[in-house]
Each structure stands twice: as C-alpha cells, then as structure tokens.
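K.L.:
Got target_1.txt for you, compact mmCIF, C-alpha atoms:
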# COMPACT_ATOMS: atom_id res chain seq x y z
CA MET A 299 123.44 77.95 136.73
CA GLY A 300 119.86 76.74 136.94
CA PHE A 301 116.63 78.76 137.01
CA GLU A 302 116.51 82.49 137.67
CA LEU A 303 114.19 85.47 137.21
CA LEU A 304 115.98 88.65 136.11
CA HIS A 305 114.70 92.18 136.72
CA PRO A 306 114.94 94.58 133.73
CA VAL A 307 116.58 97.35 135.79
CA ASN A 308 118.29 95.72 138.75
CA ASP A 309 119.71 92.85 136.66
CA ARG A 310 120.13 94.75 133.38
CA ASP A 311 123.76 93.74 132.72
CA LYS A 312 123.13 90.07 133.39
CA TRP A 313 119.94 90.25 131.31
CA LEU A 314 121.90 91.65 128.35
CA ARG A 315 124.65 89.05 128.69
CA THR A 316 121.98 86.34 128.68
CA ILE A 317 120.16 87.44 125.53
CA TYR A 318 123.45 88.09 123.71
CA GLN A 319 124.15 84.37 124.10
CA LEU A 320 121.18 83.67 121.83
CA PRO A 321 121.73 83.28 118.07
CA GLN A 322 121.49 86.55 116.13
CA ALA A 323 118.32 85.33 114.42
CA LEU A 324 116.60 85.24 117.83
CA HIS A 325 117.51 88.78 118.87
CA ASP A 326 114.27 90.73 119.21
CA VAL A 327 112.99 93.85 120.95
CA HIS A 328 110.51 91.88 123.11
CA TRP A 329 113.44 90.17 124.86
CA THR A 330 115.28 93.40 125.77
CA PRO A 331 115.38 94.87 129.28
CA ASP A 332 114.28 98.29 127.98
CA TYR A 333 111.09 96.90 126.45
CA MET A 334 110.36 94.89 129.56
CA ALA A 335 111.06 97.86 131.84
CA ALA A 336 108.27 99.65 129.98
CA GLU A 337 105.99 96.68 130.75
CA GLU A 338 106.41 97.38 134.45
CA LEU A 339 104.68 100.73 133.88
CA ARG A 340 101.51 98.75 133.12
CA GLY A 341 101.52 97.66 136.77
CA HIS A 342 103.08 94.24 136.19
CA GLU A 343 106.26 92.55 137.34
CA ALA A 344 108.38 92.11 134.22
CA ARG A 345 111.04 89.42 134.29
CA LEU A 346 113.30 87.37 132.06
CA ALA A 347 112.86 83.74 133.10
CA THR A 348 116.14 81.97 132.42
CA TYR A 349 117.70 78.56 132.78
CA THR A 350 121.43 78.22 132.24
CA TYR A 351 123.71 75.21 131.98
CA ARG A 352 127.34 75.93 131.21
CA ASP A 353 127.24 78.20 128.13
CA TYR A 354 123.68 77.23 127.19
CA VAL A 355 120.58 79.21 128.04
CA VAL A 356 116.81 79.35 127.72
CA ALA A 357 115.36 82.87 128.00
CA GLN A 358 111.66 83.75 128.11
CA PRO A 359 110.24 87.23 128.82
CA ILE A 360 107.23 87.11 131.13
CA ILE A 361 104.96 89.45 133.04
CA ILE A 362 103.63 88.39 136.45
CA ARG A 363 100.23 89.79 137.34
CA ASP A 364 98.37 89.88 140.63
CA ILE A 365 94.71 88.96 140.34
CA PHE A 366 93.43 92.14 141.95
CA PRO A 367 89.87 92.67 143.17
CA PHE A 368 89.22 95.27 140.47
CA ASP A 369 89.79 92.64 137.80
CA ILE A 370 86.73 90.56 138.69
CA GLY A 371 85.32 91.96 141.92
CA MET A 372 85.98 90.90 145.51
CA PRO A 373 84.42 87.51 146.22
CA GLU A 374 81.67 87.21 148.80
CA ASP A 375 82.16 83.48 149.32
CA GLU A 376 84.85 82.83 151.92
CA ALA A 377 85.77 79.63 150.12
CA VAL A 378 86.72 81.68 147.08
CA GLU A 379 88.77 84.24 148.99
CA ALA A 380 91.67 81.79 149.15
CA VAL A 381 92.39 82.34 145.46
CA TRP A 382 92.79 86.10 145.91
CA THR A 383 96.48 85.79 146.66
CA CYS A 384 96.98 84.02 143.32
CA ARG A 385 98.81 85.44 140.34
CA ASP A 386 99.15 84.55 136.69
CA VAL A 387 101.83 84.83 134.01
CA SER A 388 101.64 86.13 130.46
CA SER A 389 103.98 87.07 127.67
CA PRO A 390 104.55 90.83 127.31
CA TYR A 391 102.42 92.88 124.92
CA GLY A 392 103.32 91.57 121.48
CA TYR A 393 105.22 88.32 121.73
CA GLY A 394 107.22 86.09 124.02
CA GLY A 395 107.92 82.41 124.48
CA PRO A 396 111.21 80.57 124.90
CA ALA A 397 114.41 81.24 122.97
CA SER A 398 117.54 79.16 123.35
CA ASN A 399 121.01 78.41 122.02
CA HIS A 400 120.40 74.76 122.86
CA GLY A 401 117.45 72.42 122.24
CA PRO A 402 114.45 70.58 123.74
CA GLN A 403 116.41 68.94 126.55
CA LEU A 404 117.42 72.25 128.09
CA TYR A 405 113.90 73.58 127.62
CA GLU A 406 112.54 70.53 129.47
CA TRP A 407 114.75 71.43 132.42
CA PHE A 408 113.65 75.04 132.17
CA ASN A 409 110.00 73.98 132.16
CA GLN A 410 110.40 71.76 135.21
CA ALA A 411 111.98 74.62 137.14
CA PHE A 412 109.43 77.14 135.83
CA THR A 413 106.52 74.91 136.82
CA ASN A 414 107.95 74.39 140.31
CA TRP A 415 108.37 78.15 140.71
CA ALA A 416 104.77 78.70 139.53
CA MET A 417 103.34 76.22 142.02
CA GLU A 418 105.41 77.58 144.90
CA ASN A 419 104.33 81.16 144.14
CA ARG A 420 100.61 80.53 143.59
CA VAL A 421 100.78 81.22 139.86
CA VAL A 422 97.52 79.80 138.50
CA THR A 423 97.90 80.03 134.72
CA GLU A 424 100.22 80.99 131.89
CA PHE A 425 99.24 82.54 128.56
CA CYS A 426 102.00 82.88 126.01
CA ALA A 427 101.91 84.47 122.54
CA LEU A 428 104.69 82.89 120.51
CA HIS A 429 106.76 84.91 118.06
CA PRO A 430 105.65 84.47 114.43
CA PHE A 431 109.24 84.68 113.15
CA MET A 432 110.51 82.09 115.65
CA THR A 433 107.78 79.51 115.10
CA ALA A 434 110.00 76.60 114.04
CA HIS A 435 112.49 77.28 116.83
CA GLN A 436 109.90 77.67 119.57
CA LEU A 437 107.77 74.69 118.50
CA GLY A 438 110.94 72.63 118.47
CA LEU A 439 111.57 73.53 122.10
CA LEU A 440 107.97 73.09 123.21
CA LYS A 441 107.73 69.55 121.88
CA ALA A 442 109.71 68.55 124.99
CA VAL A 443 106.55 69.27 127.02
CA PRO A 444 103.55 67.37 125.56
CA GLY A 445 101.17 69.23 127.85
CA ILE A 446 101.84 72.48 125.99
CA GLN A 447 99.69 72.55 122.86
CA PRO A 448 100.11 75.76 120.81
CA VAL A 449 97.26 76.87 118.56
CA THR A 450 97.20 79.35 115.69
CA ARG A 451 95.19 82.46 116.60
CA LYS A 452 95.52 84.30 113.32
CA GLN A 453 97.95 85.23 110.55
CA ILE A 454 100.10 88.36 110.58
CA VAL A 455 101.27 90.37 107.58
CA TRP A 456 104.92 91.24 107.05
CA VAL A 457 106.96 92.98 104.38
CA ASP A 458 110.31 91.66 103.12
CA LEU A 459 112.50 94.79 103.13
CA ASN A 460 115.14 93.35 100.84
CA GLY A 461 115.25 94.80 97.33
CA ASP A 462 112.49 96.96 95.86
CA PHE A 463 109.86 95.96 98.41
CA ALA A 464 107.33 98.52 97.16
CA GLU A 465 106.79 96.25 94.18
CA GLN A 466 105.06 93.85 96.58
CA TYR A 467 102.31 96.38 97.24
CA HIS A 468 98.89 95.70 95.79
CA ALA A 469 97.34 98.16 93.36
CA ASN A 470 95.08 99.65 96.05
CA ARG A 471 98.02 100.56 98.31
CA LYS A 472 100.06 101.94 95.41
CA ALA A 473 97.08 104.06 94.40
CA GLY A 474 96.67 105.21 98.00
CA ILE A 475 100.32 106.27 98.26
CA LYS A 476 100.03 108.16 94.98
CA LYS A 477 96.87 109.92 96.16
CA ALA A 478 98.41 110.87 99.50
CA MET A 479 101.39 112.40 97.76
CA LYS A 480 99.09 114.31 95.41
CA GLU A 481 97.10 115.57 98.42
CA GLY A 482 100.32 116.91 99.91
CA ILE A 483 100.42 114.62 102.92
CA ASN A 484 103.59 115.29 104.88
CA ILE A 485 105.19 112.41 106.79
CA VAL A 486 107.42 113.36 109.71
CA MET A 487 109.27 111.35 112.31
CA GLY A 488 108.49 113.35 115.43
CA ASP A 489 109.66 113.83 118.98
CA GLN A 490 106.28 114.79 120.42
CA PRO A 491 105.01 111.68 122.19
CA ASP A 492 102.19 113.63 123.87
CA VAL A 493 100.55 114.15 120.47
CA PHE A 494 100.69 110.43 119.73
CA ILE A 495 99.45 109.47 123.20
CA LYS A 496 96.46 111.80 122.97
CA MET A 497 95.56 110.59 119.47
CA TYR A 498 95.93 106.93 120.49
CA ARG A 499 93.60 107.42 123.44
CA LEU A 500 91.00 109.24 121.32
CA THR A 501 91.20 106.48 118.71
CA MET A 502 90.50 103.80 121.31
CA LEU A 503 87.54 105.81 122.62
CA ARG A 504 86.14 106.33 119.13
CA LYS A 505 86.45 102.63 118.31
CA GLN A 506 85.05 101.65 121.73
CA ALA A 507 88.03 99.37 122.25
CA ALA A 508 88.18 96.79 125.05
CA THR A 509 89.61 97.96 128.36
CA ARG A 510 92.91 96.12 127.82
CA TRP A 511 93.80 98.52 124.98
CA TYR A 512 93.74 101.60 127.22
CA PHE A 513 97.43 101.72 128.13
CA THR A 514 98.72 104.18 130.71
CA ASP A 515 100.33 107.41 129.51
CA GLU A 516 103.55 106.40 131.29
CA TYR A 517 103.72 103.12 129.38
CA LEU A 518 103.04 104.78 126.03
CA LYS A 519 105.66 107.45 126.75
CA ALA A 520 108.24 104.75 127.53
CA LEU A 521 107.48 102.99 124.23
CA CYS A 522 107.79 106.28 122.36
CA ASP A 523 111.20 106.81 123.96
CA LEU A 524 112.21 103.29 122.96
CA GLY A 525 111.08 103.60 119.34
CA THR A 526 110.19 106.27 116.81
CA VAL A 527 106.89 108.12 116.44
CA TRP A 528 105.57 108.96 112.97
CA TYR A 529 102.95 111.47 111.91
CA ALA A 530 101.03 112.01 108.68
CA ARG A 531 100.00 115.65 108.49
CA VAL A 532 97.44 117.41 106.36
CA GLY A 533 98.76 120.92 106.70
CA ALA A 534 99.07 121.46 110.43
CA ILE A 535 96.60 118.70 111.30
CA VAL A 536 97.78 115.20 112.25
CA GLN A 537 95.59 112.69 110.44
CA SER A 538 97.49 109.49 111.32
CA ALA A 539 100.24 108.47 113.70
CA ALA A 540 102.18 105.29 114.42
CA LEU A 541 104.84 104.00 116.77
CA MET A 542 107.63 101.86 115.30
CA LEU A 543 110.04 99.66 117.24
CA MET A 544 113.14 98.23 115.60
CA THR A 545 115.78 95.58 116.19
CA ARG A 546 118.79 96.49 114.08
CA ASP A 547 119.54 93.81 111.47
CA GLY A 548 116.23 92.22 112.38
CA THR A 549 112.59 93.23 112.57
CA ALA A 550 110.81 96.57 112.57
CA TYR A 551 107.34 96.66 114.14
CA TYR A 552 104.32 98.78 113.22
CA HIS A 553 103.63 98.57 116.92
CA LEU A 554 100.75 100.92 117.72
CA ALA A 555 98.72 103.20 115.47
CA ALA A 556 96.18 105.98 115.80
CA ASN A 557 94.21 108.26 113.52
CA SER A 558 91.65 111.02 113.46
CA ASP A 559 88.48 111.06 111.39
CA ILE A 560 88.99 114.56 110.00
CA TYR A 561 90.41 113.56 106.59
CA PRO A 562 89.53 109.87 106.19
CA ARG A 563 89.84 109.82 102.39
CA VAL A 564 93.32 111.23 101.84
CA CYS A 565 95.03 107.81 102.24
CA ALA A 566 97.43 109.15 104.86
CA ASN A 567 97.99 105.68 106.37
CA ASP A 568 99.18 104.29 103.03
CA LEU A 569 101.98 106.82 102.73
CA LEU A 570 102.76 106.64 106.46
CA VAL A 571 103.38 102.87 106.38
CA HIS A 572 105.39 103.16 103.16
CA GLU A 573 107.76 105.78 104.56
CA MET A 574 108.16 103.86 107.83
CA ALA A 575 109.15 100.80 105.79
CA GLN A 576 111.68 102.82 103.83
CA TYR A 577 113.24 104.14 107.04
CA ALA A 578 113.43 100.66 108.54
CA ALA A 579 115.13 99.31 105.40
CA ARG A 580 117.67 102.17 105.39
CA ASN A 581 118.51 101.36 108.99
CA GLY A 582 119.28 97.71 108.36
CA CYS A 583 115.99 96.00 109.19
CA LYS A 584 115.23 92.98 107.04
CA ARG A 585 111.47 92.82 107.54
CA PHE A 586 108.58 95.01 108.63
CA HIS A 587 106.00 93.41 110.89
CA LEU A 588 102.59 94.95 110.21
CA GLY A 589 100.64 92.51 112.38
CA GLY A 590 97.18 91.09 111.88
CA GLY A 591 93.63 92.31 112.15
CA ALA A 592 91.85 93.56 115.22
CA THR A 593 90.10 90.16 115.19
CA SER A 594 90.84 86.72 113.77
CA ASP A 595 88.19 87.24 111.06
CA PRO A 596 89.81 86.92 107.57
CA SER A 597 87.59 89.81 106.42
CA ASP A 598 88.76 92.11 109.24
CA PRO A 599 89.18 95.64 107.76
CA VAL A 600 92.49 96.24 109.56
CA LEU A 601 93.83 93.01 108.07
CA PHE A 602 92.53 94.07 104.63
CA PHE A 603 94.48 97.33 104.85
CA LYS A 604 97.70 95.65 105.92
CA SER A 605 97.35 92.88 103.34
CA GLY A 606 97.66 95.47 100.60
CA PHE A 607 101.35 95.87 101.41
CA SER A 608 102.37 92.22 101.14
CA ASP A 609 101.22 88.68 100.47
CA LEU A 610 103.65 87.35 103.09
CA ARG A 611 102.11 85.77 106.19
CA ALA A 612 103.34 84.21 109.43
CA PRO A 613 101.30 82.38 112.08
CA ALA A 614 100.50 84.08 115.37
CA MET A 615 100.42 81.10 117.72
CA SER A 616 99.87 80.87 121.45
CA TYR A 617 99.45 78.41 124.27
CA PHE A 618 97.55 78.49 127.54
CA ARG A 619 98.06 76.20 130.49
CA VAL A 620 96.80 75.85 134.03
CA PHE A 621 99.14 75.14 136.94
CA ASP A 622 96.50 75.05 139.70
CA GLU A 623 93.23 73.53 138.49
CA ALA A 624 91.34 74.10 141.75
CA ALA A 625 92.26 77.77 141.98
CA TYR A 626 91.47 78.31 138.30
CA ALA A 627 88.05 76.70 138.70
CA GLY A 628 87.34 78.94 141.70
CA LEU A 629 88.33 82.09 139.82
CA CYS A 630 86.28 81.15 136.75
CA ALA A 631 83.20 80.29 138.81
CA GLU A 632 83.36 83.61 140.67
CA LYS A 633 83.89 85.49 137.41
CA LYS A 634 80.79 83.88 135.84
CA ARG A 635 78.75 84.55 138.98
CA ARG A 636 79.72 88.23 138.87
CA GLU A 637 78.88 88.49 135.17
CA VAL A 638 75.38 87.18 135.77
CA ALA A 639 74.89 89.38 138.85
CA GLU A 640 75.98 92.54 137.02
CA THR A 641 74.60 91.96 133.50
CA GLY A 642 72.04 89.17 133.78
CA THR A 643 74.06 86.78 131.67
CA GLU A 644 77.52 85.32 131.18
CA PHE A 645 79.79 87.07 128.67
CA GLY A 646 79.94 85.29 125.33
CA THR A 647 83.53 86.23 124.59
CA SER A 648 86.29 83.65 124.30
CA PHE A 649 89.35 84.64 126.29
CA GLU A 650 92.10 82.88 128.20
CA PRO A 651 92.27 82.98 131.13
CA LEU A 652 88.49 83.11 131.39
CA TYR A 653 88.56 85.11 134.62
CA ARG A 654 90.07 88.06 132.72
CA ARG A 655 87.57 88.15 129.86
CA GLU A 656 85.59 91.27 129.04
CA ALA A 657 82.17 91.78 127.49
CA SER A 658 82.26 91.95 123.69
Could you rewrite the structure in this file as structure tokens?
P.N.:
Amino acid sequence: MGFELLHPVNDRDKWLRTIYQLPQALHDVHWTPDYMAAEELRGHEARLATYTYRDYVVAQPIIIRDIFPFDIGMPEDEAVEAVWTCRDVSSPYGYGGPASNHGPQLYEWFNQAFTNWAMENRVVTEFCALHPFMTAHQLGLLKAVPGIQPVTRKQIVWVDLNGDFAEQYHANRKAGIKKAMKEGINIVMGDQPDVFIKMYRLTMLRKQAATRWYFTDEYLKALCDLGTVWYARVGAIVQSAALMLMTRDGTAYYHLAANSDIYPRVCANDLLVHEMAQYAARNGCKRFHLGGGATSDPSDPVLFFKSGFSDLRAPAMSYFRVFDEAAYAGLCAEKKRREVAETGTEFGTSFEPLYRREAS
C-alpha cells in the first residue's frame, strides 16, 4: 500500500504484477521491467514509481539521473557547489507518464507522495514525455494536479495495422516499395546486433547528431535482444537497418533506425518499413508507431518520409516541472556562465531542463 519505487531486476515479479493490474489498453513496452532494465545501461537508475490502494494502482516508469560534473562542468563558486548532490527525473527514452486502473483521485495521492519523495531526495526537476496513444487517459489523471501543464511538442505518425493497411500508403511510398523490389532489395530480420550498432553509430556521426543520441553499445545490445533487428540489403551490403519493439496485441515501434549512404536512391527504407509493418500485423499488433521528425518542424524530412505511410497522427505531449526552484536557478545560472566562458555566448537551443541543453 502507498508509494513505492520498484527496481526492474530486484523487484521484477512485483513490477509485473503491478503493470498486469492495468487495463489491457495501457499495456506497453515502456512500462516493462525488461525495457527499463536496459535503461539502467545508460547509467541511470530505472524505477517504476507506484502508488497502490487496495486493488488500485498508479504506475509510472521513471529514470533518476545524477547531475554529474561532466554534464555542465564543476562549479567554481562555492555557493553553487551545494546543488551538485542534486538529481533529476525523466521518463525513459520514448514515453512514460502515469497509467492507472483508477482515476484522478488516486493520481493526486500518487503525486503528493512522489513530490515528497522528490523533495526529500534532492530531485530538482521532472521532465515527462507522455504516451501519444494514452493521451486522454493521462490528461485525465493529470488534471488532478493543476501545476502540471502538458504541452504538445509535435505530432507522430502511426499506421493502423487492421485490414489492408498498405492502401493507406501515399503514392510516393508505394512507388518506393515497387522500386526497391525491382532493385532486388532483400529484407531480413537478423540476429546480428553488432551490425546494427555499428551502423547506428556511423549514422549519428554522419548526421552530426546531438550527444544525447550516442547511446552506449551495451544499451543498444539490450534493446536488440528485447526487440527485432531488420536489415535492407543490396547484395551483401546493408543499406538500411531498424530496430522494432513490440507489445503483443498492442503497439509495434519503429524504435531506432540507421542507414548508409552507399545506395541512397534504391528506396530501401520504403520496403524495410513495409515489411516490418507486415510482420507486426502477423504477430497481433494493432498499430505501428513510426514516430515524428527529428525536429518539430512540419517540413522535417524524416517526418515527410514517415508521413508517406499514413495520414494518422497522434500528439506527442510532455510536461516539465521544478521541485526545487533555488537549486534549479543555481544550476541554470552555472550552465549559462559555463556556456559563455567556453563559447563566448549562451546556447540558443530550447531544452528542459535548461542545465542539460546542448549547442545546436
């Protein structure tokens, strides 16, 4: 009864019993202990924050992060050093937020206990990416706490896997699939995570991605073990690769993707996504989450590619809140000071929490 933080390995059985109490429609890979155990390989503490009352439960996956010196540099001002024992909380990579078999009242109790825990443990802020397919449910819970004000970050694309879903595809994606087949592109579901990991890392380097996208090999390997890895081959050469995660009877995720620039015009990605969708449908998934663009820009090229598979959209919403205003102000001030000292100016990027932002 009451508030508890569950560990994905040490409390695995209790974790599973807790999430199985949720309605079937709320079962999702981001809430599972296996997915959250992988999160620990990113150097975080992964937990399921729960509040139980009789047979009712609120469950929210969270990661707890130390604010290490390498994140923003060791402060030189002794007055700022006090914040260096602080931590913050975020949802796991992908989505999080509360899920419950009850309603706003139980979530209000959960939030009171969660806030008390945060203050007692020097947790400064919380950033939470809500689940686009649980929007109505999660917003209904969050209305119990007026201080939490979710905002829409962008729209994500998803494919309804019921029926002949390929009919949803736009002409450009249909043409791409046809071309890839004509070019002899071979799609295989592989068991060679090292190939995917290497290609993912090279893709991030080629695109000059922000530091936060450079996941550890151990984390990527754990995700590959949890899901399925797909390759689009041109002869013996891998042109594209993707990692798919699935919740049976629920959602399949086009979770991470990579590609080479050897054969950019053979439309390998078109056929790759199509065959992944077919596999997900055959295995009982009802929808295929393709995600949004690399940015929130409606003209984002990644979003343009994904939009060719479906006109269906769902909102990617999030909220950010501060538990300790004084500590947050100290961290932000030191971060800005370091930016100016190292680059001559403050970064212009918008990121929450500010003390974790990177240069654009």
K.L.:
Counting all atoms listed in the file, what is within 12 Å of Leu518 (chain A), bar same-chain residues fewer than 3 positions away, as a PyMOL selection string?
P.N.:
chain A and resi 333+336-340+391+490-499+511-515+521-527+540-541+553-555
K.L.:
Using only C-alpha atoms, pick whichever of A:Val620, A:Leu440, A:Ala639, A:Ile365 has the shortest atom-to-atom distance to Thr413 (chain A).
P.N.:
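So, comparing all the options, the nearest one is A:Val620.
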K.L.:
My list of candidates is A:Ala657, A:Glu424, A:Thr545, A:Ser608. Which is closest to Phe645 (chain A) when distances are computed with all atoms listed in the file?
P.N.:
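Nearest to Phe645 (chain A): A:Ala657.
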K.L.:
Compile the contact shell of Ala357 (chain A) as number ranges by chain: residues with an atom at most 8 Å away, counting only C-alpha atoms, same-chain residues fewer than 3 positions apart removed.
P.N.:
A: 316-317, 346-349, 396-398
K.L.:
Okay, now the selection with C-alpha atoms, as a short mmCIF file (atom, residue, chain, number, x, y, z; two decimals), keeping the file's coordinate frame?
P.N.:
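What follows is the written file again.cif:
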data_model
loop_
_atom_site.label_atom_id
_atom_site.label_comp_id
_atom_site.auth_asym_id
_atom_site.auth_seq_id
_atom_site.Cartn_x
_atom_site.Cartn_y
_atom_site.Cartn_z
CA THR A 316 121.98 86.34 128.68
CA ILE A 317 120.16 87.44 125.53
CA LEU A 346 113.30 87.37 132.06
CA ALA A 347 112.86 83.74 133.10
CA THR A 348 116.14 81.97 132.42
CA TYR A 349 117.70 78.56 132.78
CA PRO A 396 111.21 80.57 124.90
CA ALA A 397 114.41 81.24 122.97
CA SER A 398 117.54 79.16 123.35
#
K.L.:
Just to confirm, what's the straight-line distance from CA of Trp329 (chain A) to CA of Met542 (chain A) in Å (one decimal)?
P.N.:
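Between CA of Trp329 (chain A) and CA of Met542 (chain A) the gap is 16.2 Å.
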K.L.:
List every protein, DNA or RNA residue that has at least one atom no more than 9 Å from (114.8, 88.3, 117.8) in the file's coordinates, counting all atoms listed in the file, and write the result as a ChimeraX atom specification.
P.N.:
/A:320-329,397,429,431-432,545,548-549
K.L.:
Between CA of Asp489 (chain A) and CA of Arg563 (chain A), what is the spacing in Å?
P.N.:
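Pair CA of Arg563 (chain A) / CA of Asp489 (chain A) returns 26.2 Å.
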K.L.:
Which residue gives the smallest distance to Phe618 (chain A) among A:Trp456, A:Phe649, A:Phe463, A:Phe425, with all atoms listed in the file counted?
P.N.:
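Closest to Phe618 (chain A), using all atoms listed in the file: A:Phe425.
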